[in-house]
$ cat coords_26.txt   # compact mmCIF, C-alpha atoms
# COMPACT_ATOMS: atom_id res chain seq x y z
CA MET A 28 -28.31 -21.78 93.00
CA SER A 29 -27.91 -18.72 95.21
CA ASP A 30 -30.28 -17.85 98.02
CA LYS A 31 -31.34 -14.83 95.97
CA SER A 32 -32.67 -16.93 93.07
CA VAL A 33 -35.98 -15.69 91.74
CA LYS A 34 -39.19 -17.52 92.65
CA GLY A 35 -42.25 -17.71 90.42
CA ILE A 36 -44.77 -14.92 90.69
CA ASP A 37 -48.45 -14.86 89.82
CA ARG A 38 -50.13 -12.92 87.01
CA ARG A 39 -50.68 -9.74 89.04
CA ASP A 40 -47.14 -9.72 90.39
CA LEU A 41 -45.70 -10.41 86.96
CA ILE A 42 -47.56 -7.53 85.39
CA MET A 43 -46.32 -5.21 88.12
CA ALA A 44 -42.78 -6.52 87.77
CA SER A 45 -42.89 -6.09 84.02
CA ILE A 46 -44.09 -2.52 84.43
CA ALA A 47 -41.24 -1.78 86.80
CA THR A 48 -38.48 -3.58 84.94
CA VAL A 49 -39.34 -3.33 81.29
CA GLY A 50 -40.96 0.08 81.67
CA ALA A 51 -44.44 -0.65 80.39
CA ALA A 52 -46.71 2.35 80.96
CA ALA A 53 -49.93 1.80 82.85
CA ALA A 54 -53.00 1.78 80.66
CA LEU A 55 -54.72 5.16 80.47
CA ALA A 56 -58.26 5.56 81.77
CA ALA A 57 -60.77 5.35 78.97
CA ASN A 58 -63.01 7.99 80.49
CA ALA A 59 -60.48 10.82 80.63
CA GLY A 60 -62.73 12.96 78.48
CA ALA A 61 -62.23 16.14 80.45
CA ALA A 62 -59.29 17.14 78.28
CA ASN A 63 -59.86 19.32 75.23
CA ALA A 64 -60.64 17.56 71.97
CA GLU A 65 -58.42 17.82 68.92
CA ASP A 66 -59.23 20.70 66.58
CA SER A 67 -60.49 20.35 62.99
CA ALA A 68 -61.75 17.09 61.48
CA THR A 69 -60.10 14.91 64.14
CA SER A 70 -62.35 16.24 66.91
CA SER A 71 -65.66 14.91 65.61
CA SER A 72 -67.30 11.94 67.29
CA ALA A 73 -66.16 8.45 66.42
CA PRO A 74 -68.03 6.43 63.80
CA ALA A 75 -70.49 3.90 65.19
CA ALA A 76 -69.02 0.46 65.81
CA GLY A 77 -69.13 -1.70 62.71
CA ALA A 78 -70.53 1.09 60.54
CA PRO A 79 -67.77 2.75 58.48
CA SER A 80 -68.28 6.37 57.52
CA ALA A 81 -67.66 7.52 53.99
CA THR A 82 -64.02 8.19 53.18
CA ILE A 83 -62.99 11.75 53.96
CA TYR A 84 -60.13 13.24 51.93
CA VAL A 85 -58.68 16.26 53.72
CA GLY A 86 -57.33 17.78 50.49
CA ASP A 87 -53.63 17.29 51.22
CA VAL A 88 -51.23 15.20 49.15
CA ILE A 89 -47.94 13.91 50.61
CA GLN A 90 -45.35 12.40 48.27
CA GLY A 91 -48.09 11.84 45.72
CA LYS A 92 -50.38 10.06 48.18
CA LYS A 93 -53.75 11.49 49.20
CA VAL A 94 -54.48 12.08 52.89
CA VAL A 95 -57.66 10.80 54.57
CA SER A 96 -59.08 11.42 58.04
CA THR A 97 -61.61 8.57 57.71
CA LEU A 98 -61.43 5.55 55.42
CA ASP A 99 -64.08 3.16 54.14
CA VAL A 100 -62.37 0.60 51.90
CA ASN A 101 -65.68 0.03 50.12
CA ASP A 102 -65.14 3.43 48.49
CA LEU A 103 -61.90 2.32 46.82
CA GLU A 104 -61.69 0.99 43.27
CA PRO A 105 -61.53 -2.83 43.17
CA GLY A 106 -58.74 -4.79 41.53
CA LYS A 107 -56.04 -2.30 42.55
CA LYS A 108 -53.59 -1.39 45.30
CA HIS A 109 -54.12 1.96 46.94
CA PHE A 110 -51.57 3.95 48.94
CA LEU A 111 -52.78 6.66 51.29
CA TYR A 112 -51.81 8.59 54.38
CA PHE A 113 -54.12 8.71 57.39
CA GLN A 114 -54.18 11.98 59.32
CA GLY A 115 -53.44 11.17 62.94
CA VAL A 116 -53.04 13.28 66.05
CA GLU A 117 -51.40 16.69 66.03
CA SER A 118 -47.82 17.18 67.24
CA PRO A 119 -46.82 20.05 69.58
CA THR A 120 -46.11 22.24 66.53
CA GLY A 121 -49.59 21.71 65.11
CA GLN A 122 -48.47 19.35 62.35
CA HIS A 123 -50.17 15.97 62.13
CA TRP A 124 -48.58 12.59 62.58
CA TYR A 125 -49.42 10.72 59.39
CA VAL A 126 -49.83 6.95 59.17
CA SER A 127 -49.04 4.97 56.01
CA VAL A 128 -51.95 2.92 54.69
CA ALA A 129 -51.71 0.32 51.91
CA VAL A 130 -54.90 -1.36 50.69
CA ALA A 131 -55.05 -4.33 48.32
CA LYS A 132 -58.66 -4.21 47.09
CA GLY A 133 -59.66 -7.44 45.42
CA ALA A 134 -61.51 -7.59 42.12
CA LYS A 135 -64.22 -9.64 43.83
CA SER A 136 -66.01 -9.02 47.10
CA GLY A 137 -64.98 -10.89 50.23
CA LYS A 138 -63.72 -10.48 53.75
CA HIS A 139 -61.75 -7.51 55.01
CA GLY A 140 -58.49 -8.26 56.83
CA ILE A 141 -56.16 -5.83 58.57
CA LEU A 142 -52.42 -6.26 59.22
CA THR A 143 -50.81 -3.81 61.66
CA SER A 144 -47.29 -3.17 62.89
CA GLY A 145 -45.24 -0.30 64.26
CA VAL A 146 -47.27 0.08 67.45
CA HIS A 147 -43.84 -0.10 69.09
CA GLY A 148 -41.14 1.92 67.35
CA ASP A 149 -38.29 -0.60 67.74
CA GLU A 150 -39.94 -3.59 66.05
CA MET A 151 -38.53 -3.86 62.55
CA SER A 152 -39.21 -7.52 61.71
CA SER A 153 -42.94 -6.98 62.25
CA ILE A 154 -42.97 -4.13 59.73
CA HIS A 155 -41.02 -6.12 57.14
CA THR A 156 -43.36 -9.09 57.57
CA VAL A 157 -46.42 -7.00 56.72
CA GLN A 158 -44.66 -5.33 53.79
CA THR A 159 -43.63 -8.71 52.38
CA VAL A 160 -47.18 -10.07 52.59
CA MET A 161 -48.59 -7.01 50.82
CA ASN A 162 -45.98 -7.28 48.06
CA GLN A 163 -47.16 -10.84 47.36
CA LEU A 164 -50.80 -9.86 46.86
CA ASP A 165 -52.35 -9.42 43.42
CA PRO A 166 -55.66 -7.54 43.78
CA ALA A 167 -56.81 -8.75 40.38
CA GLU A 168 -56.81 -12.31 41.76
CA MET A 169 -58.20 -11.52 45.23
CA SER A 170 -61.67 -11.74 46.77
CA GLY A 171 -61.93 -9.17 49.53
CA THR A 172 -59.55 -6.59 50.93
CA VAL A 173 -56.32 -6.51 52.92
CA MET A 174 -55.27 -3.28 54.60
CA ALA A 175 -51.75 -2.81 55.98
CA VAL A 176 -50.77 -0.11 58.48
CA THR A 177 -47.07 -0.41 59.26
CA ASP A 178 -46.13 2.74 61.20
CA ILE A 179 -48.87 3.39 63.74
CA SER A 180 -46.58 4.91 66.38
CA ARG A 181 -44.76 7.31 64.08
CA PRO A 182 -43.02 9.40 66.80
CA ALA A 183 -41.53 6.25 68.31
CA LEU A 184 -40.44 4.92 64.92
CA GLU A 185 -38.63 8.15 64.05
CA SER A 186 -36.06 7.36 66.75
CA MET A 187 -36.48 3.56 66.63
CA GLN A 188 -37.56 3.46 70.27
CA ARG A 189 -40.34 1.44 71.84
CA ARG A 190 -42.51 4.21 73.29
CA TRP A 191 -44.30 7.34 72.09
CA PRO A 192 -42.49 10.47 73.41
CA ASN A 193 -45.36 12.54 74.79
CA ALA A 194 -44.68 16.19 75.62
CA GLY A 195 -47.97 17.14 77.26
CA ARG A 196 -46.70 17.39 80.85
CA GLY A 197 -42.96 17.33 80.36
CA LEU A 198 -41.32 14.57 78.35
CA ASP A 199 -42.97 11.24 79.03
CA LEU A 200 -42.62 7.92 77.23
CA ILE A 201 -45.92 6.13 76.68
CA ASP A 202 -46.24 2.49 75.64
CA MET A 203 -48.85 2.78 72.91
CA ASN A 204 -49.71 -0.89 73.27
CA ARG A 205 -51.26 -0.17 76.65
CA VAL A 206 -53.78 2.49 75.55
CA TRP A 207 -56.05 0.81 72.97
CA PRO A 208 -58.75 1.40 71.81
CA GLY A 209 -57.71 4.91 72.74
CA ASN A 210 -59.81 7.99 73.36
CA GLU A 211 -60.00 10.86 70.87
CA ASN A 212 -60.47 13.30 73.79
CA ASP A 213 -57.84 11.90 76.16
CA ILE A 214 -55.08 13.81 77.93
CA THR A 215 -52.17 12.24 76.01
CA ALA A 216 -51.36 12.40 72.33
CA ALA A 217 -50.74 8.64 72.20
CA SER A 218 -54.25 7.79 73.43
CA ARG A 219 -55.89 10.39 71.18
CA HIS A 220 -53.92 9.02 68.21
CA ALA A 221 -54.98 5.48 69.07
CA GLY A 222 -58.61 6.60 69.23
CA LEU A 223 -58.44 8.24 65.82
CA VAL A 224 -56.67 5.30 64.19
CA PHE A 225 -58.95 2.68 65.77
CA ASN A 226 -62.28 4.49 65.24
CA ARG A 227 -61.71 5.94 61.78
CA LEU A 228 -59.29 3.54 60.09
CA LEU A 229 -59.04 0.09 61.65
CA ARG A 230 -62.27 -1.02 63.31
CA PRO A 231 -64.71 -0.03 60.53
CA ASN A 232 -62.72 -1.96 57.91
CA ALA A 233 -61.95 -5.24 59.69
CA ASP A 234 -63.54 -8.68 59.71
CA PHE A 235 -60.33 -10.02 61.29
CA ALA A 236 -57.02 -8.45 62.28
CA ILE A 237 -53.42 -9.45 63.02
CA ASP A 238 -51.18 -7.13 65.06
CA PHE A 239 -47.49 -7.98 64.54
CA HIS A 240 -44.79 -7.37 67.18
CA THR A 241 -41.29 -8.42 68.24
CA GLY A 242 -39.55 -8.57 71.58
CA THR A 243 -38.57 -5.27 73.14
CA THR A 244 -35.11 -3.72 72.87
CA GLY A 245 -32.68 -5.75 74.93
CA PHE A 246 -34.88 -8.86 74.98
CA GLU A 247 -35.15 -11.58 72.33
CA VAL A 248 -38.13 -13.88 71.95
CA THR A 249 -38.96 -17.00 69.99
CA ALA A 250 -41.35 -17.14 67.05
CA PHE A 251 -44.71 -17.42 68.78
CA ASN A 252 -48.31 -16.30 68.58
CA ILE A 253 -50.27 -14.75 71.43
CA ALA A 254 -53.82 -16.00 70.96
CA GLU A 255 -56.90 -16.89 72.99
CA MET A 256 -57.20 -20.49 71.92
CA ASP A 257 -60.66 -20.96 73.42
CA VAL A 258 -62.06 -18.66 70.69
CA PRO A 259 -62.54 -20.90 67.63
CA GLU A 260 -62.00 -18.14 65.04
CA ILE A 261 -58.73 -17.10 66.69
CA LYS A 262 -57.51 -20.66 67.24
CA ALA A 263 -58.07 -21.49 63.57
CA MET A 264 -55.86 -18.60 62.47
CA ALA A 265 -53.09 -19.00 65.08
CA GLU A 266 -52.58 -22.65 64.17
CA LEU A 267 -51.88 -21.80 60.52
CA TYR A 268 -48.32 -20.63 61.30
CA PRO A 269 -45.36 -23.06 61.08
CA ILE A 270 -43.90 -21.87 64.40
CA GLY A 271 -43.04 -23.69 67.59
CA GLN A 272 -44.92 -21.87 70.35
CA ILE A 273 -48.34 -20.40 71.10
CA PHE A 274 -49.03 -18.34 74.23
CA ASP A 275 -52.68 -19.04 75.08
CA ASN A 276 -53.31 -15.98 77.23
CA PRO A 277 -55.32 -12.75 76.96
CA THR A 278 -52.31 -10.78 78.34
CA TYR A 279 -52.87 -7.09 79.01
CA PRO A 280 -56.34 -5.59 78.46
CA ASN A 281 -55.31 -2.51 76.45
CA VAL A 282 -53.15 -4.08 73.74
CA LEU A 283 -54.33 -3.56 70.17
CA HIS A 284 -55.34 -7.14 69.40
CA ASN A 285 -57.53 -7.19 72.51
CA ALA A 286 -59.21 -3.95 71.41
CA PHE A 287 -60.13 -5.71 68.18
CA ASN A 288 -61.42 -8.73 70.09
CA ALA A 289 -63.49 -6.52 72.40
CA ALA A 290 -65.06 -4.98 69.29
CA GLY A 291 -66.05 -8.44 68.01
CA ILE A 292 -63.20 -8.67 65.48
CA PRO A 293 -61.13 -11.89 65.89
CA SER A 294 -57.48 -10.94 66.37
CA PHE A 295 -54.17 -12.24 67.70
CA CYS A 296 -50.56 -11.13 68.01
CA PRO A 297 -47.52 -12.74 66.33
CA GLU A 298 -44.16 -12.12 68.02
CA ILE A 299 -41.18 -12.19 65.64
CA GLY A 300 -37.86 -12.41 67.46
CA ALA A 301 -35.71 -9.51 68.59
CA ALA A 302 -36.17 -5.77 68.18
CA ARG A 303 -34.23 -3.32 66.00
CA HIS A 304 -33.15 -5.70 63.24
CA LEU A 305 -34.61 -7.94 60.51
CA ASP A 306 -34.70 -11.67 61.23
CA LEU A 307 -35.29 -12.82 57.67
CA GLU A 308 -35.59 -16.51 58.52
CA MET A 309 -38.22 -15.86 61.18
CA ILE A 310 -40.00 -13.32 58.96
CA GLY A 311 -40.40 -16.03 56.32
CA LEU A 312 -42.32 -18.23 58.76
CA PHE A 313 -44.78 -15.46 59.59
CA VAL A 314 -45.24 -14.47 55.95
CA GLU A 315 -46.10 -18.08 55.15
CA GLY A 316 -48.52 -18.27 58.07
CA THR A 317 -50.19 -14.98 57.21
CA MET A 318 -50.71 -16.05 53.60
CA ASN A 319 -52.31 -19.20 55.03
CA VAL A 320 -54.70 -17.01 57.05
CA LEU A 321 -55.67 -15.06 53.92
CA LYS A 322 -56.33 -18.35 52.12
CA HIS A 323 -58.33 -19.58 55.13
CA HIS A 324 -60.62 -16.54 54.78
CA GLY A 325 -60.96 -16.96 51.01
CA ILE A 326 -59.18 -13.72 50.15
CA VAL A 327 -56.33 -15.47 48.34
CA ALA A 328 -56.62 -18.69 46.38
CA GLY A 329 -54.14 -21.56 46.31
CA PRO A 330 -52.89 -24.43 48.47
CA MET A 331 -51.90 -23.88 52.07
CA GLY A 332 -48.25 -23.61 52.97
CA ARG A 333 -46.77 -25.17 56.09
CA THR A 334 -48.86 -24.81 59.23
CA GLY A 335 -48.61 -25.76 62.87
CA LYS A 336 -49.45 -29.33 61.86
CA ASP A 337 -46.05 -29.54 60.14
CA VAL A 338 -44.03 -28.57 63.21
CA THR A 339 -44.04 -29.41 66.89
CA VAL A 340 -46.04 -26.66 68.62
CA PHE A 341 -45.85 -26.08 72.36
CA VAL A 342 -48.92 -24.31 73.74
CA GLY A 343 -48.58 -22.69 77.17
CA ASN A 344 -50.90 -20.48 79.17
CA SER A 345 -48.32 -18.71 81.35
CA ALA A 346 -44.86 -17.16 81.21
CA PHE A 347 -42.57 -17.74 84.22
CA PRO A 348 -40.18 -14.80 84.68
CA ILE A 349 -36.66 -15.06 86.04
CA LEU A 350 -35.48 -11.64 87.19
CA ALA A 351 -31.91 -10.58 87.91
CA THR A 352 -31.07 -10.27 91.60
CA GLU A 353 -27.57 -8.84 91.09
CA GLY A 354 -25.70 -6.63 88.66
CA GLY A 355 -23.14 -8.10 86.29
CA LEU A 356 -22.55 -10.12 83.13
CA VAL A 357 -25.05 -12.89 82.41
CA GLU A 358 -24.10 -16.20 80.80
CA TYR A 359 -26.97 -18.36 79.57
CA LEU A 360 -26.96 -22.14 79.79
CA VAL A 361 -30.04 -22.50 77.57
CA LYS A 362 -31.24 -21.27 74.17
CA LEU A 363 -34.59 -20.10 72.86
CA ASN A 364 -37.08 -22.98 72.43
CA ASP A 365 -35.09 -25.27 74.75
CA LYS A 366 -37.17 -27.49 77.00
CA VAL A 367 -36.37 -27.06 80.71
CA GLU A 368 -37.38 -28.79 83.93
CA ALA A 369 -38.24 -27.22 87.25
CA GLY A 370 -35.01 -26.57 89.14
CA GLN A 371 -32.84 -26.66 86.03
CA LYS A 372 -30.08 -24.03 86.05
CA VAL A 373 -30.51 -21.63 83.12
CA ALA A 374 -28.00 -18.80 83.74
CA ILE A 375 -25.11 -17.60 85.88
CA GLN A 376 -23.99 -14.05 86.59
CA ARG A 377 -20.51 -12.68 87.28
CA ASN A 378 -19.34 -9.40 88.74
CA SER A 379 -16.44 -7.26 87.47
CA PHE A 380 -13.90 -9.64 89.06
CA GLY A 381 -15.38 -12.64 87.26
CA GLU A 382 -16.79 -14.03 90.49
CA VAL A 383 -20.14 -15.82 90.29
CA VAL A 384 -22.62 -13.66 92.19
CA ALA A 385 -25.87 -15.39 91.21
CA GLU A 386 -27.18 -18.54 89.62
CA TYR A 387 -30.66 -18.76 88.16
CA ALA A 388 -32.96 -21.77 87.71
CA SER A 389 -36.38 -22.29 86.22
CA GLY A 390 -39.19 -22.68 88.70
CA VAL A 391 -41.33 -24.61 86.20
CA ALA A 392 -41.16 -27.19 83.44
CA GLY A 393 -41.69 -25.67 80.01
CA GLU A 394 -39.90 -24.09 77.04
CA ILE A 395 -37.67 -21.03 76.87
CA SER A 396 -39.63 -18.26 75.14
CA GLY A 397 -37.49 -15.20 75.90
CA LEU A 398 -33.90 -14.29 76.83
CA ARG A 399 -32.36 -10.94 77.63
CA SER A 400 -30.09 -10.08 74.70
CA ASP A 401 -28.06 -7.42 76.54
CA ALA A 402 -25.19 -9.26 78.22
CA MET A 403 -25.11 -7.01 81.29
CA SER A 404 -28.02 -6.63 83.67
CA GLU A 405 -28.89 -4.73 86.82
CA PRO A 406 -31.14 -6.17 89.52
CA GLY A 407 -34.79 -6.43 88.55
CA ASN A 408 -34.33 -6.89 84.81
CA PRO A 409 -36.08 -9.90 83.24
CA LEU A 410 -33.45 -12.42 82.18
CA VAL A 411 -35.55 -15.37 81.05
CA PHE A 412 -39.19 -16.18 80.38
CA VAL A 413 -40.31 -19.82 80.42
CA LEU A 414 -43.54 -20.70 78.63
CA PHE A 415 -45.45 -23.28 80.66
CA ASN A 416 -48.91 -24.48 81.65
CA LYS A 417 -50.65 -23.86 84.93
CA PRO A 418 -53.58 -26.10 85.85
CA GLY A 419 -56.08 -23.23 85.93
CA PRO A 420 -56.71 -20.30 83.59
CA GLU A 421 -57.40 -17.79 86.34
CA ASP A 422 -53.85 -17.39 87.65
CA VAL A 423 -51.51 -17.00 84.72
CA GLY A 424 -48.55 -14.80 83.90
CA GLY A 425 -47.80 -11.99 81.48
CA TYR A 426 -45.61 -12.26 78.42
CA PRO A 427 -42.14 -11.17 77.26
CA GLU A 428 -43.33 -8.43 74.88

$ encode --input "coords_26.txt" --output "structure tokens"
Amino acid sequence: MSDKSVKGIDRRDLIMASIATVGAAAALAANAGAANAEDSATSSSAPAAGAPSATIYVGDVIQGKKVVSTLDVNDLEPGKKHFLYFQGVESPTGQHWYVSVAVAKGAKSGKHGILTSGVHGDEMSSIHTVQTVMNQLDPAEMSGTVMAVTDISRPALESMQRRWPNAGRGLDLIDMNRVWPGNENDITAASRHAGLVFNRLLRPNADFAIDFHTGTTGFEVTAFNIAEMDVPEIKAMAELYPIGQIFDNPTYPNVLHNAFNAAGIPSFCPEIGAARHLDLEMIGLFVEGTMNVLKHHGIVAGPMGRTGKDVTVFVGNSAFPILATEGGLVEYLVKLNDKVEAGQKVAIQRNSFGEVVAEYASGVAGEISGLRSDAMSEPGNPLVFVLFNKPGPEDVGGYPE
């Protein structure tokens, strides 16, 4: 191992390193209300927490689907699927960014669940997972409601990139999963959009919520759930997935699933492999687990599928990052889900002459949860994340999202 091998860093250092190397935008201040509010219906005050306003149809129809600026699923006809567009924030040309909304409204009353994806624009497996679950639902046989929102960050999805391209002060790329619950009067379009979506679409219609993600472009992750396992309602849901890892960590404060939790709505975050493509095998695991969650809440009837009890699940409370110290081609000596020991060599790096310029080892014992999928790396890029357990909950790492 070279003398430049990366040492472990604590939670604060890891968050800062992740911001610098993966490009995560700092969370926007929630009190930036000095900026001008959006015009028209989107500028009114947010509905009170837990009290949905009546559905507001703006009068527009897009591809045969009505457009709403506020949705109360109680207003929808039971026993049917409903397809709508939600009117989000305005673009620089004055047109709105519209969000696709699918609602399976059960014939009988019951709990309201929300499935979200597309908060990052490069995460295709998360979108396909939610679509597959919705296609399996029969409202005539359901008790309760499931709402799916698959394209929250529309501007990012249009170019299949992670971040929202904001043009307010020159082109800026904003990580929308660092701005929740948003602010309808904020200085960036991404935060205003988040505020509209959260206040008028998601929060008023949720008894529980699942926000689906994948690894970021250039970084592949295992099938794992991010969940606060000390919250019984969250633990019960996270353990219903037949996957091998759970990251027991609150992670960053302004991610969507934490906004739900802060509003008293139990939520967690599944991570489904690599960005920009469909991992059908991994998607199947998360579809099965999500159907288990709907059965757990009594929305769907039938026997449970496979759960965490049917597989070996490793639960860790921290992610140890190994960052590149040199530029060059990286060769991995481990695979996703491999168990590693402290000091075990996990990767080597070669320069353009094929000379070994760095060797990298794990600083902890745990399981591999993330690997850089781009073969070449510059200094500072995350190469490996190792899921592990620290003895105390107060000093834990970030996650390879």

$ residues_around --input "coords_26.txt" --residues "Gly393 (chain A)" --least-positions-apart "4" --cutoff "8 Å" --atoms "all atoms listed in the file" --output "PyMOL selection string"
chain A and resi 366-368+413-416

$ write_last_selection --input "coords_26.txt" --atoms "C-alpha atoms" --output "PDB file, in the frame of the given file"
ATOM      1  CA  LYS A 366     -37.170 -27.490  77.000  1.00  0.00           C
ATOM      2  CA  VAL A 367     -36.370 -27.060  80.710  1.00  0.00           C
ATOM      3  CA  GLU A 368     -37.380 -28.790  83.930  1.00  0.00           C
ATOM      4  CA  VAL A 413     -40.310 -19.820  80.420  1.00  0.00           C
ATOM      5  CA  LEU A 414     -43.540 -20.700  78.630  1.00  0.00           C
ATOM      6  CA  PHE A 415     -45.450 -23.280  80.660  1.00  0.00           C
ATOM      7  CA  ASN A 416     -48.910 -24.480  81.650  1.00  0.00           C
TER       8      ASN A 416
END

$ residues_around --input "coords_26.txt" --residues "Glu353 (chain A)" --least-positions-apart "2" --cutoff "8 Å" --atoms "only C-alpha atoms" --output "list in words"
Ala351, Gly355, Gln376, Val384, Ala385, Ser404, Glu405 and Pro406 of chain A

$ atom_distance --input "coords_26.txt" --atom1 "CA of Ala289 (chain A)" --atom2 "CA of Ser345 (chain A)"
21.4 Å

$ atom_distance --input "coords_26.txt" --atom1 "CA of Arg399 (chain A)" --atom2 "CA of Asp149 (chain A)"
15.5 Å

$ atom_distance --input "coords_26.txt" --atom1 "CA of Val126 (chain A)" --atom2 "CA of Phe235 (chain A)"
20.1 Å

$ decode --input "coords_26.txt" --residues "region 301-316 of chain A" --atoms "N, CA and C atoms" --output "CSV table (one decimal), in the first residue's frame"
chain,number,residue,atom,x,y,z
A,301,ALA,N,-26.6,0.9,-10.4
A,301,ALA,CA,-25.9,2.0,-11.2
A,301,ALA,C,-26.9,2.9,-11.9
A,302,ALA,N,-26.4,4.1,-12.2
A,302,ALA,CA,-27.2,5.1,-12.9
A,302,ALA,C,-27.3,4.7,-14.4
A,303,ARG,N,-28.2,5.4,-15.1
A,303,ARG,CA,-28.3,5.5,-16.6
A,303,ARG,C,-28.7,4.2,-17.3
A,304,HIS,N,-29.0,3.1,-16.6
A,304,HIS,CA,-29.4,1.9,-17.3
A,304,HIS,C,-30.4,1.2,-16.4
A,305,LEU,N,-31.1,0.2,-16.9
A,305,LEU,CA,-32.0,-0.7,-16.2
A,305,LEU,C,-31.3,-2.0,-15.7
A,306,ASP,N,-31.3,-2.2,-14.4
A,306,ASP,CA,-30.8,-3.4,-13.9
A,306,ASP,C,-32.0,-4.3,-13.5
A,307,LEU,N,-32.5,-5.1,-14.5
A,307,LEU,CA,-33.7,-5.7,-14.3
A,307,LEU,C,-33.7,-6.7,-13.2
A,308,GLU,N,-32.6,-7.4,-13.0
A,308,GLU,CA,-32.5,-8.3,-11.8
A,308,GLU,C,-32.7,-7.6,-10.5
A,309,MET,N,-32.0,-6.5,-10.3
A,309,MET,CA,-32.1,-5.8,-9.1
A,309,MET,C,-33.5,-5.1,-9.0
A,310,ILE,N,-34.0,-4.6,-10.1
A,310,ILE,CA,-35.3,-4.0,-10.0
A,310,ILE,C,-36.4,-5.0,-9.5
A,311,GLY,N,-36.2,-6.3,-9.9
A,311,GLY,CA,-37.2,-7.3,-9.4
A,311,GLY,C,-37.2,-7.4,-7.9
A,312,LEU,N,-36.0,-7.3,-7.3
A,312,LEU,CA,-35.9,-7.4,-5.8
A,312,LEU,C,-36.7,-6.3,-5.2
A,313,PHE,N,-36.6,-5.1,-5.7
A,313,PHE,CA,-37.2,-3.9,-5.1
A,313,PHE,C,-38.7,-3.9,-5.4
A,314,VAL,N,-39.1,-4.4,-6.6
A,314,VAL,CA,-40.6,-4.6,-6.8
A,314,VAL,C,-41.2,-5.5,-5.8
A,315,GLU,N,-40.5,-6.6,-5.6
A,315,GLU,CA,-41.0,-7.6,-4.6
A,315,GLU,C,-41.1,-7.0,-3.2
A,316,GLY,N,-40.1,-6.3,-2.8
A,316,GLY,CA,-40.1,-5.7,-1.5
A,316,GLY,C,-41.1,-4.6,-1.4
